[in-house]
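**Student:** Before we start, here is the structure in question, set down as structure tokens.
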Amino acid sequence: MLGFHLLRSSISSSNLFSNFSAKTHLFSLLSISRLSNTNPRLQMECYSTSSETSRILIRQLFEKDSSTYTYLLADVAHPEKPALLIDPVDKTVDRDLSLVKELGLKLIYAINTHCHADHVTGTGLIKGRVPGVKSIISKESRAKADLFVEHGDKIYFGDLYLEVRATPGHTLGCVTYVTGDGSGHPQPRMAFTGDALLIHGCGRTDFQGGSSSQLYHSIHSQIFTLPNDTLVYPCHDYKGFTVSTVREEKQYNPRLTKDEETFKKIMENLNLPYPKLIDKAVPANLVCGLQEPIGNAA
Ligand SMILES: [Fe+2]
């Protein structure tokens, strides 16, 4: 049996989530280093940056049209090298799957942080091309997927896991995925914040059930309570940044350092244009993405 599974951590474990067996691998070889942003062609084309330890492998992958980050994570100390993709994009599925193959990983999950409005998820395509891959999204998103997660759940890949933290406000169903805590897990922790917390920014709150008040409380209660050195990996960046930390966002985020009322006023006055792809992307993403890529978002 492969040693990966999704565990619902609440007391009322369902059959689907409760078959976690005792770990057989020691968590003895872990450390994680901050990514260095040395790529001067950051906004010119798709690229990737990476950081690797003896147990966890992470690749940060970029899709330029929607400025989306996809993350590839794997437990490379596990004999099966189980891997997952967070927020894959339809246009870059070929690249992502080629990388998975080249690295000798076994892709088991394609996960979304929320139902995206600015790009079509790659989960539908991935499921069609890699037998056995399960798609995951939050139950609150009301989108289709193979598995649904809620606050407090853990998504295991090998002997590593992602903790699910509900961070609604950008959309009703937004979640942040946080690497495991304690001995054997990467240090510092990593938070994949989707569109809730961006680097020195945050996701908009004016559609898809968004709420600035809810977003403010989500970030302060679920992300800013993580250790200060936790690495913040967002779903998007439009300025060329790749990673931040909880400490940095608590100190310098121009929106989240304000009080709630000021934050709400900022969010009410962004005057952002209607998302170009929302009318195509949201219907597609509600059904786990498309089986074939659609045209350019522009
Ligand atoms: Fe979004």
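Residues are named by chain letter and number: chains run A, B, ... in the order of the structure tokens, numbers start at 1 in each chain, and ligands are numbered from 1 in the order shown.
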Write out as JSON, numbers by chain the residues lying within 12 Å of A:Leu125, counting only C-alpha atoms and excluding same-chain residues fewer than 4 positions away.
**Tutor:** {"A": [88, 89, 90, 91, 92, 93, 94, 96, 97, 110, 120, 121, 129, 130, 131, 133, 134, 135, 284, 285, 287, 288, 289, 290, 291, 292, 293, 294]}
**Student:** Collect all residues with atoms no farther than 12 Å from ligand 1, counting only C-alpha atoms and all ligand atoms, and output them as a ChimeraX atom specification.
**Tutor:** /A:66-69,87,112-121,141,168-175,193-198,202-210,234-237,275,277-278,281-282,285
**Student:** Could the residues in this selection be saved with N, CA and C atoms as a CSV table (one decimal), in the first residue's frame?
**Tutor:**
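This is the output file result02.csv:
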chain,number,residue,atom,x,y,z
A,66,SER,N,-1.9,34.7,-16.3
A,66,SER,CA,-2.7,35.1,-15.1
A,66,SER,C,-1.8,35.3,-13.9
A,67,SER,N,-0.5,35.3,-14.1
A,67,SER,CA,0.4,35.6,-13.0
A,67,SER,C,0.1,34.6,-11.9
A,68,THR,N,-0.1,33.4,-12.2
A,68,THR,CA,-0.5,32.4,-11.2
A,68,THR,C,0.7,31.5,-10.8
A,69,TYR,N,0.9,31.2,-9.5
A,69,TYR,CA,1.8,30.3,-9.0
A,69,TYR,C,1.2,28.9,-8.8
A,87,ASP,N,-3.0,24.5,-7.0
A,87,ASP,CA,-3.5,25.5,-8.0
A,87,ASP,C,-2.8,25.3,-9.4
A,112,ASN,N,-6.9,22.7,-5.2
A,112,ASN,CA,-7.1,24.1,-5.4
A,112,ASN,C,-7.4,24.8,-4.1
A,113,THR,N,-6.9,26.1,-4.0
A,113,THR,CA,-7.1,26.8,-2.8
A,113,THR,C,-8.5,27.4,-2.8
A,114,HIS,N,-9.1,27.6,-4.0
A,114,HIS,CA,-10.4,28.1,-4.1
A,114,HIS,C,-10.9,28.0,-5.6
A,115,CYS,N,-12.1,28.4,-5.8
A,115,CYS,CA,-12.7,28.4,-7.2
A,115,CYS,C,-12.2,29.7,-7.8
A,116,HIS,N,-11.2,29.5,-8.7
A,116,HIS,CA,-10.6,30.7,-9.3
A,116,HIS,C,-11.5,31.4,-10.4
A,117,ALA,N,-11.3,32.7,-10.5
A,117,ALA,CA,-12.0,33.5,-11.4
A,117,ALA,C,-11.1,34.0,-12.6
A,118,ASP,N,-9.8,33.9,-12.4
A,118,ASP,CA,-8.9,34.5,-13.4
A,118,ASP,C,-8.2,33.5,-14.2
A,119,HIS,N,-8.3,32.2,-14.0
A,119,HIS,CA,-7.8,31.2,-14.9
A,119,HIS,C,-8.6,29.9,-14.7
A,120,VAL,N,-8.4,29.0,-15.6
A,120,VAL,CA,-9.1,27.8,-15.5
A,120,VAL,C,-8.1,26.8,-14.8
A,121,THR,N,-8.6,26.1,-13.8
A,121,THR,CA,-7.8,25.1,-13.1
A,121,THR,C,-7.3,24.0,-14.1
A,141,SER,N,-16.4,25.7,-1.1
A,141,SER,CA,-16.3,26.3,-2.5
A,141,SER,C,-17.5,26.0,-3.3
A,168,PRO,N,-11.8,32.3,4.4
A,168,PRO,CA,-12.7,32.9,3.5
A,168,PRO,C,-12.6,34.5,3.5
A,169,GLY,N,-13.2,35.1,2.5
A,169,GLY,CA,-13.2,36.5,2.4
A,169,GLY,C,-12.9,37.0,1.0
A,170,HIS,N,-11.9,36.4,0.3
A,170,HIS,CA,-11.7,36.6,-1.1
A,170,HIS,C,-12.9,35.9,-1.9
A,171,THR,N,-13.1,34.6,-1.5
A,171,THR,CA,-14.3,33.9,-1.8
A,171,THR,C,-14.8,33.2,-0.6
A,172,LEU,N,-16.0,32.6,-0.6
A,172,LEU,CA,-16.5,31.9,0.5
A,172,LEU,C,-15.7,30.7,0.9
A,173,GLY,N,-15.2,30.1,-0.2
A,173,GLY,CA,-14.6,28.8,0.0
A,173,GLY,C,-13.0,28.8,0.1
A,174,CYS,N,-12.4,29.9,0.2
A,174,CYS,CA,-10.9,29.9,0.2
A,174,CYS,C,-10.3,29.2,1.4
A,175,VAL,N,-9.3,28.5,1.2
A,175,VAL,CA,-8.5,27.9,2.3
A,175,VAL,C,-7.1,28.1,2.0
A,193,THR,N,-1.2,30.4,0.5
A,193,THR,CA,-2.3,31.2,0.9
A,193,THR,C,-3.4,31.5,-0.1
A,194,GLY,N,-3.2,30.9,-1.3
A,194,GLY,CA,-4.1,31.2,-2.4
A,194,GLY,C,-4.2,32.7,-2.7
A,195,ASP,N,-5.5,33.2,-2.8
A,195,ASP,CA,-5.7,34.6,-3.0
A,195,ASP,C,-6.1,35.4,-1.7
A,196,ALA,N,-6.0,34.7,-0.6
A,196,ALA,CA,-6.3,35.4,0.7
A,196,ALA,C,-5.3,36.4,1.0
A,197,LEU,N,-4.1,36.0,1.2
A,197,LEU,CA,-2.9,36.8,1.5
A,197,LEU,C,-2.0,36.8,0.3
A,198,LEU,N,-1.7,37.9,-0.3
A,198,LEU,CA,-0.7,38.0,-1.3
A,198,LEU,C,0.5,38.7,-0.7
A,202,CYS,N,-3.5,41.5,-1.0
A,202,CYS,CA,-4.5,40.5,-0.6
A,202,CYS,C,-5.4,40.4,-1.8
A,203,GLY,N,-6.2,39.3,-1.8
A,203,GLY,CA,-7.2,39.1,-2.9
A,203,GLY,C,-8.3,40.1,-2.8
A,204,ARG,N,-8.9,40.4,-3.9
A,204,ARG,CA,-10.1,41.3,-3.9
A,204,ARG,C,-11.3,40.6,-3.3
A,205,THR,N,-12.2,41.4,-2.9
A,205,THR,CA,-13.4,40.9,-2.1
A,205,THR,C,-14.7,41.3,-2.6
A,206,ASP,N,-14.7,41.7,-3.9
A,206,ASP,CA,-15.9,42.3,-4.5
A,206,ASP,C,-16.7,41.3,-5.4
A,207,PHE,N,-16.5,40.0,-5.3
A,207,PHE,CA,-17.3,39.1,-6.1
A,207,PHE,C,-17.1,37.7,-5.5
A,208,GLN,N,-17.9,36.7,-6.0
A,208,GLN,CA,-17.8,35.3,-5.5
A,208,GLN,C,-18.0,35.2,-4.0
A,209,GLY,N,-18.9,36.0,-3.4
A,209,GLY,CA,-19.2,35.9,-2.0
A,209,GLY,C,-18.1,36.5,-1.2
A,210,GLY,N,-17.3,37.4,-1.7
A,210,GLY,CA,-16.2,38.0,-1.0
A,210,GLY,C,-16.7,38.9,0.1
A,234,PRO,N,1.9,32.7,-2.1
A,234,PRO,CA,0.6,33.1,-2.6
A,234,PRO,C,0.3,32.4,-4.0
A,235,CYS,N,-1.0,32.5,-4.4
A,235,CYS,CA,-1.4,32.0,-5.7
A,235,CYS,C,-1.0,32.9,-6.9
A,236,HIS,N,-0.8,34.2,-6.6
A,236,HIS,CA,-0.4,35.1,-7.6
A,236,HIS,C,0.6,36.1,-7.1
A,237,ASP,N,1.4,36.7,-8.1
A,237,ASP,CA,2.1,37.9,-7.8
A,237,ASP,C,2.2,38.6,-9.1
A,275,PRO,N,-13.0,41.0,-13.7
A,275,PRO,CA,-12.0,40.0,-14.1
A,275,PRO,C,-12.3,39.5,-15.6
A,277,LEU,N,-11.6,36.9,-17.3
A,277,LEU,CA,-11.9,35.5,-17.6
A,277,LEU,C,-13.0,34.9,-16.7
A,278,ILE,N,-13.6,35.8,-15.8
A,278,ILE,CA,-14.5,35.2,-14.8
A,278,ILE,C,-15.6,34.4,-15.4
A,281,ALA,N,-14.0,31.2,-16.6
A,281,ALA,CA,-13.3,30.4,-15.6
A,281,ALA,C,-14.1,29.9,-14.5
A,282,VAL,N,-15.0,30.7,-13.9
A,282,VAL,CA,-15.8,30.2,-12.8
A,282,VAL,C,-16.7,29.0,-13.1
A,285,ASN,N,-14.4,26.1,-13.5
A,285,ASN,CA,-13.7,25.6,-12.3
A,285,ASN,C,-14.7,25.0,-11.3
**Student:** Using only C-alpha atoms, pick whichever of A:Ser221, A:Asn269, A:Ser138, A:Thr230 has the shortest atom-to-atom distance to A:Asp181.
**Tutor:** A:Thr230
**Student:** Hey, what's within 6 Å of A:Leu84 if we count only C-alpha atoms and toss same-chain stuff fewer than 2 positions away? As a count of residues only, please?
**Tutor:** 6
**Student:** Just list as number ranges by chain whatever in stretch 74-220 of chain A DSSP marks as strand (DSSP E).
**Tutor:** A: 74-75, 82-86, 106-111, 134-138, 147-149, 154-157, 160-166, 175-179, 190-194, 197-198, 201-202
**Student:** In Å, rounded to a single decimal, give me how far atom CA of A:Gly124 is from atom CA of A:Val164.
**Tutor:**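 Answer for the atom CA of A:Val164 to atom CA of A:Gly124 separation: 21.7 Å.
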**Student:** Do a neighbour search on A:Pro254 at 10 Å with only C-alpha atoms, toss out local chain neighbours closer than 3 positions, and write the hits as number ranges by chain.
**Tutor:** A: 199-202, 249-251, 257-258, 263, 266
**Student:** Restricting the calculation to only C-alpha atoms: of A:Leu57, A:Ile223, A:Leu85, A:Ala145, which residue gets closest to A:Thr176?
**Tutor:**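 So, comparing all the options, the nearest one is A:Ile223.
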**Student:** Atom CA of A:Leu105 and atom CA of A:Lys81 are how many Å apart?
**Tutor:** 5.1 Å
